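Below you'll find the structure, written out as structure tokens, and then a few comments.
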Amino acid sequence: MIHFIGAGPGDPELITLKGKRLIDEADIIIYAGSLVNPQVLQGAKPEAEIYNSATMTLPEVISVMQAGEEQGRQVVRVHTGDPSIYGAHREQMTELDRLGIAYDVVPGVSSFLAAAAAMKREYTLPEVSQTVILTRMEGRTPMPEKEQIEALAAHQATMIIFLSVGQMDELSRRLQQGGYPADTPAAVVYKASWQDEKIVQGTLTDIAAKVQAAGIRKTALVTVGRFLGDEFALSKLYDETFTHAYRKGKA
Ligand code: SAH
């Protein structure tokens, strides 16, 4: 049984108890060295074999897994954040299916959740936005035609854009072309939950220049929307006149 594990966004305490236990018990660890904090591997057995997938191809990763399985050794595959978000995770599972190797997945704290925590913001503010769009802009990897930034921006929902901070000028221009007013708040979170975390705040008009001035070129999320502002309705959940399954409201 191979375990895919979400390592969390960076802070080594932001991994699940289960993920940490499986890493500590593993004989073979394959981790995404470009983003996983090496400190999450600190409890590994001294004799554990550790591979950095940053320099490996898919067939190489699979053959390490297959060899480990055949030798009866415990293999874990450690992804940054949660594997289900831009993890190139599915293609590994498909290969394991083909080889008849069993696996399971231990979720992790995605960087977009660590970013909200760093900013102390809620993505789903009542009467502001109740929808969160996770996306990216095309770079060397294309985007499906129906998911162009302009089309997604038309909703003016909360948007979290991965893998795109290197193209801030184009991104902020296209977000406005799609429908967000120029004064829409935008914030960039660099290395959420790491010790050198940085937050840059602005609007769609000035965020690109501020990000450039801060020298941020990668490992950052772009967040956009009125959820960053201070105007919103109070929730019904805690409204004293609102009755729900667990509490009777006052008349
Ligand atoms: N599976 C990961 C995302 C992998 S894609 C997750 O769930 O978070 C890699 C992109 O994620 C980076 O280019 C950056 O946009 C974002 N990212 C990953 N870790 C981050 C962090 N700690 N802070 C900000 N952005 C991060």
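How things are named: the first chain in the structure tokens is A, the next is B, and so on; residues count from 1 in each chain; ligands count from 1 in the order shown.
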
Exercise answer, 9 Å around ligand 1 with only C-alpha atoms and all ligand atoms, as a ChimeraX atom specification: /A:6-11,35-36,79-88,108-115,136,161-165,188-194,197-198,218-222

Please return, as a PyMOL selection string, all residues of range 14-231 of chain A that DSSP assigns to alpha helix (DSSP H) on the basis of the backbone. chain A and resi 17-25+58-70+90-99+111-119+149-153+168-178+207-213

Which residues come within 12 Å of Glu147 in chain A, counting only C-alpha atoms, excluding same-chain residues fewer than 6 positions away, as an MDAnalysis selection string? chainID A and resid 133:138 153:154 178

Could you take the residues named above and write them with C-alpha atoms, as an mmCIF file, in the first residue's frame?
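Below you can see part-v6.cif, which holds the result:
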data_model
loop_
_atom_site.group_PDB
_atom_site.id
_atom_site.type_symbol
_atom_site.label_atom_id
_atom_site.label_comp_id
_atom_site.auth_asym_id
_atom_site.auth_seq_id
_atom_site.Cartn_x
_atom_site.Cartn_y
_atom_site.Cartn_z
ATOM 1 C CA ILE A 133 -12.705 29.797 -7.623
ATOM 2 C CA LEU A 134 -9.317 28.077 -7.547
ATOM 3 C CA THR A 135 -7.529 28.481 -10.826
ATOM 4 C CA ARG A 136 -4.322 29.379 -12.622
ATOM 5 C CA MET A 137 -3.404 31.320 -15.715
ATOM 6 C CA GLU A 138 -1.941 29.568 -18.733
ATOM 7 C CA ALA A 153 -13.601 36.927 -13.475
ATOM 8 C CA ALA A 154 -17.102 37.656 -14.807
ATOM 9 C CA GLY A 178 -13.298 40.026 -17.323
#

Tell me, as a ChimeraX atom specification, which residues lie within 9 Å of range 51-68 of chain A, counting only C-alpha atoms; anything in the same chain fewer than 5 positions away does not count. /A:2,27-34,73-77,91-92,95-96,99,101

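In this structure, CA of Arg217 in chain A sits 5.0 Å away from CA of Gly166 in chain A.
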